[in-house]
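*Asks:* Next comes query_29.cif, mmCIF, C-alpha atoms and all ligand atoms:
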```cif
data_structure
#
loop_
_atom_site.label_atom_id
_atom_site.label_comp_id
_atom_site.auth_asym_id
_atom_site.auth_seq_id
_atom_site.Cartn_x
_atom_site.Cartn_y
_atom_site.Cartn_z
CA MET A 192 86.08 102.70 94.53
CA SER A 193 87.75 100.12 96.78
CA LEU A 194 90.06 99.99 99.75
CA LEU A 195 93.63 99.47 98.59
CA LYS A 196 96.06 97.53 100.74
CA GLY A 197 99.76 98.11 99.98
CA LYS A 198 102.89 96.12 100.82
CA VAL A 199 105.55 96.95 103.41
CA GLN A 200 109.18 96.56 102.27
CA ASN A 201 111.57 95.63 105.08
CA TYR A 202 114.83 97.10 103.76
CA ALA A 203 117.67 97.46 106.27
CA TRP A 204 117.77 101.28 106.06
CA GLY A 205 114.19 101.68 107.26
CA GLY A 206 112.90 102.74 110.66
CA THR A 207 110.95 100.55 113.05
CA GLN A 208 108.13 102.87 114.14
CA TYR A 209 106.70 105.26 111.56
CA ILE A 210 105.17 102.83 109.06
CA PRO A 211 103.75 100.35 111.63
CA GLU A 212 102.20 103.26 113.55
CA LEU A 213 100.76 104.73 110.35
CA LEU A 214 99.22 101.40 109.36
CA GLY A 215 98.08 100.43 112.86
CA LEU A 216 100.45 97.45 113.03
CA GLU A 217 102.40 96.24 116.02
CA VAL A 218 105.76 98.00 116.41
CA SER A 219 108.66 95.56 116.62
CA GLU A 220 112.40 95.44 115.94
CA LYS A 221 111.62 94.80 112.28
CA ARG A 222 112.78 97.50 109.85
CA CYS A 223 109.93 98.95 107.80
CA ALA A 224 111.42 101.10 105.04
CA GLU A 225 108.70 101.55 102.43
CA TYR A 226 104.96 101.08 101.99
CA TRP A 227 104.12 100.54 98.31
CA LEU A 228 100.81 101.48 96.72
CA GLY A 229 100.62 100.48 93.09
CA ALA A 230 100.67 97.70 90.55
CA HIS A 231 104.41 96.99 90.39
CA VAL A 232 104.89 93.29 89.57
CA ASN A 233 107.29 92.80 92.50
CA ALA A 234 104.70 93.88 95.09
CA PRO A 235 101.26 94.66 93.66
CA SER A 236 98.73 96.16 96.09
CA ILE A 237 95.51 94.34 96.91
CA LEU A 238 92.07 95.72 96.06
CA LYS A 239 89.37 94.87 98.60
CA THR A 240 86.26 94.32 96.46
CA PRO A 241 82.81 92.91 97.30
CA GLU A 242 83.87 89.85 95.28
CA GLY A 243 86.98 89.38 97.42
CA ASP A 244 90.65 90.40 97.29
CA LYS A 245 92.17 91.16 93.90
CA SER A 246 95.75 91.93 92.93
CA LEU A 247 95.76 95.46 91.44
CA ASP A 248 98.18 94.22 88.82
CA GLU A 249 95.80 91.54 87.54
CA TYR A 250 92.75 93.75 87.93
CA LEU A 251 94.35 96.40 85.70
CA HIS A 252 95.37 93.79 83.19
CA LEU A 253 91.74 92.77 82.71
CA ASN A 254 90.22 96.29 82.81
CA LEU A 255 93.00 98.58 81.59
CA THR A 256 91.11 101.02 79.36
CA ARG A 257 88.12 101.35 81.66
CA VAL A 258 90.25 101.89 84.78
CA LEU A 259 92.91 104.20 83.31
CA GLY A 260 90.81 105.92 80.65
CA THR A 261 91.73 105.73 76.95
CA LYS A 262 94.39 108.45 76.96
CA ILE A 263 96.60 107.05 79.75
CA ALA A 264 95.91 103.40 78.81
CA ASP A 265 97.09 104.05 75.23
CA LYS A 266 100.06 106.14 76.26
CA PHE A 267 101.49 103.87 78.98
CA GLY A 268 99.75 100.49 78.70
CA ARG A 269 99.93 100.16 82.50
CA LEU A 270 99.54 102.19 85.69
CA PRO A 271 102.30 104.74 85.01
CA PHE A 272 103.23 105.49 88.63
CA LEU A 273 104.20 103.89 91.93
CA PHE A 274 103.29 105.64 95.20
CA LYS A 275 105.29 105.05 98.41
CA VAL A 276 105.58 106.10 102.04
CA LEU A 277 109.26 106.10 103.06
CA ASP A 278 110.81 106.02 106.53
CA VAL A 279 114.54 106.66 106.17
CA ASN A 280 116.56 105.80 109.28
CA ASP A 281 119.96 105.14 107.67
CA MET A 282 120.90 106.94 104.45
CA LEU A 283 120.18 105.35 101.09
CA SER A 284 122.65 104.81 98.28
CA ILE A 285 123.84 107.75 96.19
CA GLN A 286 122.09 107.29 92.89
CA VAL A 287 121.13 108.67 89.53
CA HIS A 288 118.36 107.64 87.16
CA PRO A 289 118.74 107.44 83.37
CA SER A 290 116.62 109.36 80.88
CA LYS A 291 113.93 107.48 78.94
CA ILE A 292 116.13 107.24 75.82
CA GLU A 293 119.17 106.08 77.82
CA ALA A 294 117.07 103.51 79.68
CA GLU A 295 115.79 102.08 76.40
CA LYS A 296 119.33 101.85 75.03
CA GLY A 297 120.82 100.36 78.20
CA PHE A 298 118.03 97.82 78.61
CA LYS A 299 118.39 96.65 75.00
CA PHE A 300 122.18 96.45 75.29
CA GLU A 301 122.15 94.36 78.47
CA ASN A 302 119.54 92.06 76.93
CA GLU A 303 121.78 91.59 73.89
CA GLN A 304 124.72 90.84 76.20
CA GLY A 305 122.62 88.08 77.76
CA ILE A 306 122.86 89.51 81.32
CA PRO A 307 119.92 87.99 83.26
CA LEU A 308 117.40 90.50 84.65
CA THR A 309 118.07 89.25 88.17
CA ALA A 310 121.88 89.36 87.87
CA LYS A 311 123.69 91.45 90.52
CA ASN A 312 125.62 93.37 87.84
CA ARG A 313 122.49 94.24 85.84
CA ASN A 314 122.02 98.05 85.64
CA TYR A 315 118.80 98.27 83.62
CA LYS A 316 115.82 96.34 84.99
CA ASP A 317 113.39 97.82 82.45
CA ASP A 318 113.29 100.30 79.56
CA ASN A 319 111.71 103.15 81.51
CA HIS A 320 112.98 106.40 83.05
CA LYS A 321 112.44 106.97 86.78
CA PRO A 322 111.76 110.57 87.67
CA GLU A 323 110.74 110.94 91.32
CA ILE A 324 108.98 113.56 93.39
CA MET A 325 108.85 113.55 97.19
CA VAL A 326 106.89 115.52 99.74
CA ALA A 327 108.30 115.61 103.26
CA LEU A 328 106.09 114.14 106.00
CA SER A 329 108.56 115.31 108.65
CA GLU A 330 111.77 117.36 108.54
CA PHE A 331 113.44 115.49 105.67
CA TRP A 332 117.15 115.51 104.72
CA LEU A 333 118.64 114.60 101.36
CA LEU A 334 121.61 115.06 99.03
CA HIS A 335 120.57 116.69 95.75
CA GLY A 336 122.87 117.61 92.85
CA PHE A 337 126.35 119.17 92.86
CA LEU A 338 127.08 122.24 94.97
CA PRO A 339 127.31 125.54 93.09
CA LYS A 340 130.90 126.23 92.01
CA GLU A 341 131.81 128.78 94.70
CA LYS A 342 130.52 126.58 97.50
CA LEU A 343 132.36 123.53 96.19
CA ILE A 344 135.60 125.51 95.95
CA GLN A 345 135.07 126.56 99.57
CA VAL A 346 134.72 122.89 100.61
CA LEU A 347 137.87 121.87 98.73
CA LYS A 348 139.79 124.70 100.40
CA THR A 349 138.43 124.12 103.92
CA ILE A 350 138.85 120.35 104.24
CA PRO A 351 142.61 119.68 104.35
CA GLU A 352 142.21 116.17 102.88
CA PHE A 353 140.52 117.68 99.81
CA ASN A 354 143.00 120.54 99.18
CA HIS A 355 144.80 118.60 96.44
CA LEU A 356 141.47 118.28 94.54
CA LEU A 357 141.14 122.04 94.09
CA THR A 358 143.35 122.14 90.98
CA VAL A 359 141.56 119.07 89.59
CA PHE A 360 138.24 120.91 89.89
CA GLU A 361 139.63 124.14 88.48
CA ASP A 362 141.18 122.33 85.49
CA LYS A 363 138.61 119.65 84.75
CA GLY A 364 135.35 120.80 86.35
CA TYR A 365 132.66 118.65 87.98
CA PHE A 366 133.22 115.66 85.67
CA GLY A 367 136.99 115.58 86.19
CA LEU A 368 136.68 115.92 89.96
CA TYR A 369 134.00 113.25 90.36
CA LYS A 370 135.71 110.85 87.94
CA GLN A 371 139.00 111.18 89.83
CA VAL A 372 137.56 110.29 93.25
CA MET A 373 135.16 107.61 91.98
CA GLU A 374 137.97 105.82 90.12
CA GLN A 375 140.27 105.72 93.16
CA THR A 376 141.19 102.29 94.48
CA THR A 377 139.95 101.47 97.98
CA GLU A 378 143.54 101.88 99.21
CA GLU A 379 143.79 105.38 97.74
CA SER A 380 140.43 106.61 99.03
CA ASN A 381 140.99 105.05 102.47
CA LYS A 382 144.29 106.92 102.76
CA ILE A 383 142.60 110.25 101.98
CA LEU A 384 139.38 109.76 103.94
CA GLN A 385 140.75 108.06 107.10
CA PRO A 386 142.22 111.19 108.75
CA LEU A 387 138.99 113.08 108.01
CA VAL A 388 136.88 110.30 109.51
CA ASN A 389 139.18 110.07 112.54
CA ARG A 390 138.60 113.76 113.17
CA LEU A 391 134.83 113.58 112.62
CA LEU A 392 133.82 110.51 114.62
CA PRO A 393 134.55 111.89 118.12
CA LEU A 394 132.70 115.12 117.24
CA TYR A 395 129.74 113.14 115.86
CA LYS A 396 129.57 110.94 118.95
CA ALA A 397 129.75 113.98 121.22
CA GLY A 398 126.80 115.52 119.32
CA GLU A 399 128.89 118.46 118.13
CA LEU A 400 128.02 118.21 114.44
CA ASP A 401 124.66 119.37 113.12
CA ARG A 402 122.80 118.10 110.08
CA THR A 403 123.75 121.04 107.85
CA ASN A 404 127.39 119.90 108.19
CA PRO A 405 128.49 117.20 105.69
CA GLY A 406 130.72 115.86 108.47
CA TYR A 407 127.58 114.77 110.36
CA TRP A 408 126.44 112.54 107.47
CA ALA A 409 129.94 111.26 106.67
CA ALA A 410 130.41 110.23 110.32
CA LYS A 411 126.93 108.71 110.47
CA ALA A 412 127.69 106.65 107.34
CA VAL A 413 130.92 105.32 108.83
CA ASP A 414 129.36 104.76 112.25
CA SER A 415 126.53 102.65 110.82
CA ALA A 416 128.65 100.73 108.26
CA ASN A 417 129.14 97.01 108.76
CA ASP A 418 132.64 97.04 107.36
CA THR A 419 134.78 99.85 108.81
CA THR A 420 137.96 98.75 106.98
CA ILE A 421 136.63 100.18 103.69
CA LEU A 422 135.62 103.84 103.77
CA ASP A 423 132.82 104.35 101.28
CA LYS A 424 133.65 106.72 98.40
CA GLY A 425 130.11 108.05 98.82
CA ILE A 426 131.69 110.26 101.54
CA TYR A 427 133.06 112.46 98.73
CA SER A 428 129.54 112.94 97.41
CA ILE A 429 128.30 114.02 100.83
CA TYR A 430 130.81 116.88 100.63
CA PHE A 431 130.34 117.66 96.91
CA PHE A 432 126.50 117.66 96.81
CA ASN A 433 123.89 120.05 98.21
CA ILE A 434 122.57 119.00 101.61
CA VAL A 435 118.88 119.90 101.47
CA MET A 436 116.29 120.00 104.24
CA ALA A 437 112.62 119.95 103.25
CA ASN A 438 110.06 120.89 105.89
CA LYS A 439 106.82 118.97 106.26
CA GLY A 440 104.69 119.64 103.15
CA GLU A 441 107.61 120.80 100.97
CA ALA A 442 108.58 118.85 97.84
CA VAL A 443 111.71 118.07 95.81
CA PHE A 444 111.80 116.63 92.28
CA GLN A 445 114.62 114.35 91.05
CA ASP A 446 114.93 114.50 87.28
CA ALA A 447 117.10 112.19 85.15
CA GLY A 448 120.82 112.79 85.69
CA ILE A 449 120.59 114.55 89.08
CA PRO A 450 122.66 112.59 91.61
CA HIS A 451 120.81 112.27 94.92
CA ALA A 452 120.44 110.30 98.14
CA TYR A 453 117.85 110.33 100.88
CA LEU A 454 119.48 110.84 104.26
CA GLU A 455 116.85 110.91 107.01
CA GLY A 456 113.15 111.43 107.69
CA GLN A 457 109.77 110.39 106.30
CA ASN A 458 108.27 111.25 102.93
CA MET A 459 105.61 110.44 100.36
CA GLU A 460 107.31 109.51 97.14
CA LEU A 461 105.74 109.24 93.71
CA MET A 462 107.72 107.87 90.78
CA ALA A 463 107.46 106.44 87.31
CA ASN A 464 106.99 102.69 87.29
CA SER A 465 110.65 101.68 86.92
CA ASP A 466 113.55 100.16 88.83
CA ASN A 467 116.45 101.77 86.94
CA VAL A 468 119.00 102.96 89.50
CA LEU A 469 122.72 103.60 88.89
CA ARG A 470 124.57 103.79 92.20
CA GLY A 471 127.55 105.81 93.36
CA GLY A 472 128.23 104.50 96.85
CA LEU A 473 126.88 104.19 100.40
CA THR A 474 125.53 100.79 99.45
CA PRO A 475 126.54 97.14 99.37
CA LYS A 476 124.65 96.92 96.04
CA HIS A 477 126.19 96.92 92.56
CA VAL A 478 128.15 100.12 91.77
CA ASP A 479 129.15 100.59 88.11
CA VAL A 480 131.33 103.73 87.99
CA PRO A 481 131.73 104.07 84.17
CA GLU A 482 127.96 103.65 83.69
CA LEU A 483 127.27 106.12 86.51
CA LEU A 484 129.59 108.72 84.96
CA LYS A 485 127.71 108.41 81.66
CA HIS A 486 124.41 109.46 83.23
CA VAL A 487 125.25 112.07 85.86
CA VAL A 488 124.59 115.64 84.72
CA PHE A 489 127.87 117.37 85.63
CA GLU A 490 126.74 120.85 86.49
CA GLU A 491 125.87 122.85 89.57
CA THR A 492 122.39 122.43 91.04
CA HIS A 493 120.46 125.11 92.88
CA PRO A 494 117.90 123.03 94.79
CA ASN A 495 114.31 123.91 94.06
CA ILE A 496 112.15 123.29 97.11
CA MET A 497 108.55 123.33 95.96
CA LEU A 498 105.65 124.51 98.08
CA GLY A 499 103.07 123.31 95.54
CA GLU A 500 100.22 125.34 94.07
CA LEU A 501 97.09 125.73 96.15
CA GLN A 502 94.07 125.26 93.89
CA ASP A 503 90.99 127.51 93.73
CA ASP A 504 89.11 125.24 96.15
CA GLY A 505 91.65 126.17 98.86
CA ILE A 506 91.92 122.44 99.68
CA GLU A 507 94.15 120.77 97.11
CA ARG A 508 97.81 121.65 96.64
CA ILE A 509 99.40 120.25 93.45
CA TYR A 510 103.16 119.69 93.25
CA LYS A 511 103.79 120.14 89.52
CA SER A 512 106.71 118.39 87.84
CA PRO A 513 107.76 117.90 84.22
CA ALA A 514 107.16 114.12 84.45
CA PRO A 515 104.28 112.97 82.22
CA ASP A 516 103.88 109.82 84.34
CA PHE A 517 102.50 111.24 87.55
CA GLU A 518 101.06 114.13 89.53
CA LEU A 519 101.22 114.41 93.30
CA SER A 520 98.92 116.50 95.45
CA GLN A 521 97.99 117.12 99.04
CA ILE A 522 94.38 117.51 100.19
CA LEU A 523 93.77 119.19 103.55
CA LEU A 524 90.29 118.86 105.02
CA ASN A 525 88.51 120.02 108.14
CA SER A 526 84.94 119.43 109.30
CA GLU A 527 83.73 122.52 107.39
CA ASN A 528 84.98 121.94 103.85
CA LYS A 529 84.49 119.29 101.16
CA TYR A 530 86.74 118.13 98.32
CA GLN A 531 85.09 117.36 95.01
CA SER A 532 86.64 115.93 91.85
CA VAL A 533 86.15 113.85 88.72
CA ALA A 534 89.10 111.53 88.13
CA GLN A 535 90.66 111.85 84.64
CA THR A 536 92.55 108.60 85.17
CA ALA A 537 93.21 106.16 88.01
CA GLN A 538 94.00 107.71 91.38
CA VAL A 539 95.42 106.46 94.66
CA LEU A 540 94.50 108.35 97.85
CA ILE A 541 96.08 107.72 101.25
CA VAL A 542 95.10 109.30 104.56
CA ILE A 543 98.27 110.26 106.44
CA GLU A 544 96.61 112.12 109.32
CA GLY A 545 93.05 112.12 110.64
CA GLU A 546 90.06 110.41 109.08
CA ALA A 547 88.11 110.92 105.84
CA GLU A 548 85.02 109.68 104.06
CA VAL A 549 85.15 109.21 100.29
CA SER A 550 81.76 109.04 98.51
CA GLU A 551 80.77 108.30 94.96
CA GLY A 552 77.02 108.33 94.23
CA ASP A 553 75.47 106.65 97.25
CA VAL A 554 78.49 104.45 97.98
CA SER A 555 80.92 105.66 100.63
CA LEU A 556 84.08 104.46 102.26
CA VAL A 557 85.56 105.58 105.58
CA LEU A 558 89.35 105.86 105.50
CA LYS A 559 91.21 105.90 108.78
CA LYS A 560 94.83 107.00 109.17
CA GLY A 561 97.06 104.86 106.94
CA GLN A 562 94.21 103.57 104.77
CA ALA A 563 94.15 104.05 101.02
CA THR A 564 91.66 103.81 98.18
CA PHE A 565 91.89 103.24 94.45
CA LEU A 566 89.62 105.16 92.07
CA SER A 567 89.10 104.52 88.35
CA ALA A 568 88.91 107.07 85.54
CA GLU A 569 85.68 109.08 85.52
CA SER A 570 85.00 108.49 89.24
CA ASP A 571 82.91 111.49 90.31
CA TYR A 572 83.63 111.67 94.01
CA ARG A 573 83.76 113.85 97.11
CA ILE A 574 85.74 113.65 100.35
CA THR A 575 84.75 114.98 103.76
CA SER A 576 86.25 114.67 107.22
CA PRO A 577 84.56 114.59 110.64
CA SER A 578 87.49 116.60 112.07
CA LEU A 579 90.79 117.01 110.19
CA ALA A 580 92.46 114.98 107.46
CA THR A 581 95.68 115.13 105.47
CA ILE A 582 95.43 113.10 102.30
CA TYR A 583 97.99 112.54 99.56
CA LYS A 584 96.81 111.81 96.04
CA ALA A 585 98.67 110.18 93.16
CA THR A 586 97.43 110.37 89.59
CA ALA A 587 98.70 111.15 86.10
CA PRO A 588 98.32 114.65 84.58
ZN ZN B 1 116.16 108.05 93.26
#
```
Render the structure in this file as structure tokens.
*Replies:*
Amino acid sequence: MSLLKGKVQNYAWGGTQYIPELLGLEVSEKRCAEYWLGAHVNAPSILKTPEGDKSLDEYLHLNLTRVLGTKIADKFGRLPFLFKVLDVNDMLSIQVHPSKIEAEKGFKFENEQGIPLTAKNRNYKDDNHKPEIMVALSEFWLLHGFLPKEKLIQVLKTIPEFNHLLTVFEDKGYFGLYKQVMEQTTEESNKILQPLVNRLLPLYKAGELDRTNPGYWAAKAVDSANDTTILDKGIYSIYFFNIVMANKGEAVFQDAGIPHAYLEGQNMELMANSDNVLRGGLTPKHVDVPELLKHVVFEETHPNIMLGELQDDGIERIYKSPAPDFELSQILLNSENKYQSVAQTAQVLIVIEGEAEVSEGDVSLVLKKGQATFLSAESDYRITSPSLATIYKATAP
């Protein structure tokens, strides 16, 4: 059991306050988008051990079976998950993640084509899938899957600029509709979207649009864009996808093929250890439309907001997902109760609110807000709090 120190990622879409305040760092103008806890080669966390600081990546390399346990070590050969705190100020790119089989194929193909791993036009960074689960730490907004048919028809009828797309949708369904708008030239999409944007911007600036209205997010995207001469085709997706709000403590799972984008708020995100993202707009990064169209599941999505399952101890709430790579849970403590567990495989715990004490045998570690610990397989431990604590736990099922 050791303190685990993660790495802050300063992406441009991040906020300036939430992560520094969580970690007890000085708040500045600097954007702090993500705080990574894990062994990803690009930003491995640091273990604070009595023998000094160790990169979790290297530590795992030397002690894989002991730390992960035989089952997970044999199955994955590495820590299967990456745990993150996100602070979304400006919306992220619209994206979809490939299935495991598609990722293996795509990775092999791009290797055979001789496209360097670091190339801008590289789609597959590794051969892994990237399912993701998030729990909201505040009111959290996201785009998640296509609107159900009736709702989408309503949108196409209500927005004058989209009226001509109604027959496309009726004739060719979700695939035909999305393909048509995503394959438009910038000139074509600008011509369609400009009048809509012209109508929305004054309303947005006057505070007359609320977050349940796609117009709010479309106007926000245009308002925060660096280049206002090109209207991002991601605006179509804002209108075609479900706008979902998750309250604090509620979770959403993104499986392979579900198009999605985080819009605003803070969350805990747990994902498979991969970097495979195919993008569909609202980003200056590489967008490969034919590849994107191959991987999007073209069907309606009824968002499933998960409340998690409270365990028999009345303390731990597990957010189950079909992903074999990870399991996310929330542990709520007060001064009266005590959490007790034996780790099946490696675990990462982070205190988001309050303070906690983690003990194993006669060794104990006090975790203040923002501090995290790493536990190995077979750790037999307990957690208490002097007052209140909200802890999030990442492990593999
Ligand atoms: Zn994603």
*Asks:* Any idea what's packed within 9 Å of Phe565 of chain A, counting only C-alpha atoms, ignoring anything in its chain fewer than 5 positions away? Could you give it as a ChimeraX atom specification?
*Replies:* /A:192-195,238,537-540
*Asks:* Write out as a Markdown table a residue-level contact list of chain A versus ligand ZN 1 (chain B) with cut-off 12 Å: for each qualifying residue the closest pair of atoms and the distance in Å to one decimal, counting all atoms listed in the file, rows sorted by chain and residue number upward.
*Replies:*
```
| residue | atom | partner | partner_atom | distance |
| --- | --- | --- | --- | --- |
| A:Leu283 | CA | B:ZN1 | ZN | 9.2 |
| A:Ser284 | CA | B:ZN1 | ZN | 8.8 |
| A:Ile285 | CA | B:ZN1 | ZN | 8.2 |
| A:Gln286 | CA | B:ZN1 | ZN | 6.0 |
| A:Val287 | CA | B:ZN1 | ZN | 6.2 |
| A:His288 | CA | B:ZN1 | ZN | 6.5 |
| A:Pro289 | CA | B:ZN1 | ZN | 10.2 |
| A:His320 | CA | B:ZN1 | ZN | 10.8 |
| A:Lys321 | CA | B:ZN1 | ZN | 7.5 |
| A:Pro322 | CA | B:ZN1 | ZN | 7.5 |
| A:Glu323 | CA | B:ZN1 | ZN | 6.4 |
| A:Ile324 | CA | B:ZN1 | ZN | 9.1 |
| A:Met325 | CA | B:ZN1 | ZN | 10.0 |
| A:Leu333 | CA | B:ZN1 | ZN | 10.7 |
| A:Leu334 | CA | B:ZN1 | ZN | 10.6 |
| A:His335 | CA | B:ZN1 | ZN | 10.0 |
| A:Gly336 | CA | B:ZN1 | ZN | 11.7 |
| A:Val443 | CA | B:ZN1 | ZN | 11.3 |
| A:Phe444 | CA | B:ZN1 | ZN | 9.7 |
| A:Gln445 | CA | B:ZN1 | ZN | 6.9 |
| A:Asp446 | CA | B:ZN1 | ZN | 8.9 |
| A:Ala447 | CA | B:ZN1 | ZN | 9.2 |
| A:Gly448 | CA | B:ZN1 | ZN | 10.1 |
| A:Ile449 | CA | B:ZN1 | ZN | 8.9 |
| A:Pro450 | CA | B:ZN1 | ZN | 8.1 |
| A:His451 | CA | B:ZN1 | ZN | 6.5 |
| A:Ala452 | CA | B:ZN1 | ZN | 6.9 |
| A:Tyr453 | CA | B:ZN1 | ZN | 8.1 |
| A:Leu454 | CA | B:ZN1 | ZN | 11.8 |
| A:Glu460 | CA | B:ZN1 | ZN | 9.8 |
| A:Leu461 | CA | B:ZN1 | ZN | 10.5 |
| A:Met462 | CA | B:ZN1 | ZN | 8.8 |
| A:Ala463 | CA | B:ZN1 | ZN | 10.7 |
| A:Ser465 | CA | B:ZN1 | ZN | 10.5 |
| A:Asp466 | CA | B:ZN1 | ZN | 9.4 |
| A:Asn467 | CA | B:ZN1 | ZN | 8.9 |
| A:Val468 | CA | B:ZN1 | ZN | 6.9 |
| A:Leu469 | CA | B:ZN1 | ZN | 9.1 |
| A:Arg470 | CA | B:ZN1 | ZN | 9.5 |
| A:Gly471 | CA | B:ZN1 | ZN | 11.6 |
```
*Asks:* What gap, in Å, lies between atom CA of Ile292 of chain A and atom CA of Lys485 of chain A?
*Replies:*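 If I compute the distance from atom CA of Ile292 of chain A to atom CA of Lys485 of chain A, I get 13.0 Å.
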*Asks:* Could you list as a list in words every residue that has an atom within 12 Å of (143.2, 124.1, 95.4), using the file's coordinates and counting only C-alpha atoms?
*Replies:*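 With a cut-off of 12 Å, the residues come to Leu343, Ile344, Gln345, Val346, Leu347, Lys348, Thr349, Ile350, Pro351, Glu352, Phe353, Asn354, His355, Leu356, Leu357, Thr358, Val359, Phe360, Glu361, Asp362 and Leu368 of chain A.
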*Asks:* Kindly give the distance, in Å, that separates atom CA of Gly456 of chain A and atom CA of Ser380 of chain A, rounded to a single decimal.
*Replies:*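 Atom CA of Ser380 of chain A lies 29.0 Å from atom CA of Gly456 of chain A.
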*Asks:* Give me, as a list in words, all polymer residues having an atom no more than 12 Å from Arg257 of chain A, counting all atoms listed in the file and skipping those fewer than 4 positions away in the same chain.
*Replies:* Tyr250, Leu251, His252, Leu253, Thr261, Lys262, Ile263, Ala264, Asp265, Arg269, Gln535, Thr536, Ala537, Leu566, Ser567, Ala568, Glu569 and Ser570 of chain A
*Asks:* For segment 292-403 of chain A against segment 420-427 of chain A, with a cut-off of 9 Å and counting only C-alpha atoms, what is the closest atom pair and its distance in Å to one decimal for every residue that makes the cut, ordered by chain and number, as JSON lines?
*Replies:*
```
{"residue": "A:Tyr369", "atom": "CA", "partner": "A:Tyr427", "partner_atom": "CA", "distance": 8.5}
{"residue": "A:Val372", "atom": "CA", "partner": "A:Lys424", "partner_atom": "CA", "distance": 7.4}
{"residue": "A:Met373", "atom": "CA", "partner": "A:Lys424", "partner_atom": "CA", "distance": 6.7}
{"residue": "A:Gln375", "atom": "CA", "partner": "A:Lys424", "partner_atom": "CA", "distance": 8.5}
{"residue": "A:Thr377", "atom": "CA", "partner": "A:Ile421", "partner_atom": "CA", "distance": 6.7}
{"residue": "A:Glu378", "atom": "CA", "partner": "A:Ile421", "partner_atom": "CA", "distance": 8.4}
{"residue": "A:Ser380", "atom": "CA", "partner": "A:Lys424", "partner_atom": "CA", "distance": 6.8}
{"residue": "A:Asn381", "atom": "CA", "partner": "A:Leu422", "partner_atom": "CA", "distance": 5.7}
{"residue": "A:Leu384", "atom": "CA", "partner": "A:Leu422", "partner_atom": "CA", "distance": 7.0}
{"residue": "A:Gln385", "atom": "CA", "partner": "A:Leu422", "partner_atom": "CA", "distance": 7.4}
{"residue": "A:Val388", "atom": "CA", "partner": "A:Leu422", "partner_atom": "CA", "distance": 8.7}
```
*Asks:* Compare A:Ala416, A:Leu558, A:Leu483, A:Gly260 by their minimum atom-to-atom distance to Ala534 of chain A, counting all atoms listed in the file, and give me the closest one.
*Replies:*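 Checking each candidate against Ala534 of chain A, we get A:Gly260 as the closest.
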*Asks:* Which polymer residues, whether protein, DNA or RNA, lie within 6 Å of the coordinate (116.7, 117.5, 101.1) when you count only C-alpha atoms? List them as an MDAnalysis selection string, using the chain letters and numbers from the file.
*Replies:* chainID A and resid 331:334 435:437
*Asks:* Identify which of the residues A:Ile543, A:Leu524, A:Ala224, A:Leu270 lies closest to Arg573 of chain A, counting all atoms listed in the file when measuring atom-to-atom distances.
*Replies:*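 Closest candidate: A:Leu524.
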*Asks:* Which residues are close to segment 207-211 of chain A, i.e. within 12 Å by only C-alpha atoms, leaving aside same-chain residues fewer than 6 positions away? Reply as a ChimeraX atom specification.
*Replies:* /A:197-201,217-227,275-281,328-329,456-459,543,560-562
*Asks:* Store the residues of this selection in a file with C-alpha atoms, as a PDB file, in the frame of the given file.
*Replies:*
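See selection_19.pdb below for the written result:
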```pdb
ATOM      1  CA  GLY A 197      99.760  98.110  99.980  1.00  0.00           C
ATOM      2  CA  LYS A 198     102.890  96.120 100.820  1.00  0.00           C
ATOM      3  CA  VAL A 199     105.550  96.950 103.410  1.00  0.00           C
ATOM      4  CA  GLN A 200     109.180  96.560 102.270  1.00  0.00           C
ATOM      5  CA  ASN A 201     111.570  95.630 105.080  1.00  0.00           C
ATOM      6  CA  GLU A 217     102.400  96.240 116.020  1.00  0.00           C
ATOM      7  CA  VAL A 218     105.760  98.000 116.410  1.00  0.00           C
ATOM      8  CA  SER A 219     108.660  95.560 116.620  1.00  0.00           C
ATOM      9  CA  GLU A 220     112.400  95.440 115.940  1.00  0.00           C
ATOM     10  CA  LYS A 221     111.620  94.800 112.280  1.00  0.00           C
ATOM     11  CA  ARG A 222     112.780  97.500 109.850  1.00  0.00           C
ATOM     12  CA  CYS A 223     109.930  98.950 107.800  1.00  0.00           C
ATOM     13  CA  ALA A 224     111.420 101.100 105.040  1.00  0.00           C
ATOM     14  CA  GLU A 225     108.700 101.550 102.430  1.00  0.00           C
ATOM     15  CA  TYR A 226     104.960 101.080 101.990  1.00  0.00           C
ATOM     16  CA  TRP A 227     104.120 100.540  98.310  1.00  0.00           C
ATOM     17  CA  LYS A 275     105.290 105.050  98.410  1.00  0.00           C
ATOM     18  CA  VAL A 276     105.580 106.100 102.040  1.00  0.00           C
ATOM     19  CA  LEU A 277     109.260 106.100 103.060  1.00  0.00           C
ATOM     20  CA  ASP A 278     110.810 106.020 106.530  1.00  0.00           C
ATOM     21  CA  VAL A 279     114.540 106.660 106.170  1.00  0.00           C
ATOM     22  CA  ASN A 280     116.560 105.800 109.280  1.00  0.00           C
ATOM     23  CA  ASP A 281     119.960 105.140 107.670  1.00  0.00           C
ATOM     24  CA  LEU A 328     106.090 114.140 106.000  1.00  0.00           C
ATOM     25  CA  SER A 329     108.560 115.310 108.650  1.00  0.00           C
ATOM     26  CA  GLY A 456     113.150 111.430 107.690  1.00  0.00           C
ATOM     27  CA  GLN A 457     109.770 110.390 106.300  1.00  0.00           C
ATOM     28  CA  ASN A 458     108.270 111.250 102.930  1.00  0.00           C
ATOM     29  CA  MET A 459     105.610 110.440 100.360  1.00  0.00           C
ATOM     30  CA  ILE A 543      98.270 110.260 106.440  1.00  0.00           C
ATOM     31  CA  LYS A 560      94.830 107.000 109.170  1.00  0.00           C
ATOM     32  CA  GLY A 561      97.060 104.860 106.940  1.00  0.00           C
ATOM     33  CA  GLN A 562      94.210 103.570 104.770  1.00  0.00           C
TER      34      GLN A 562
END
```
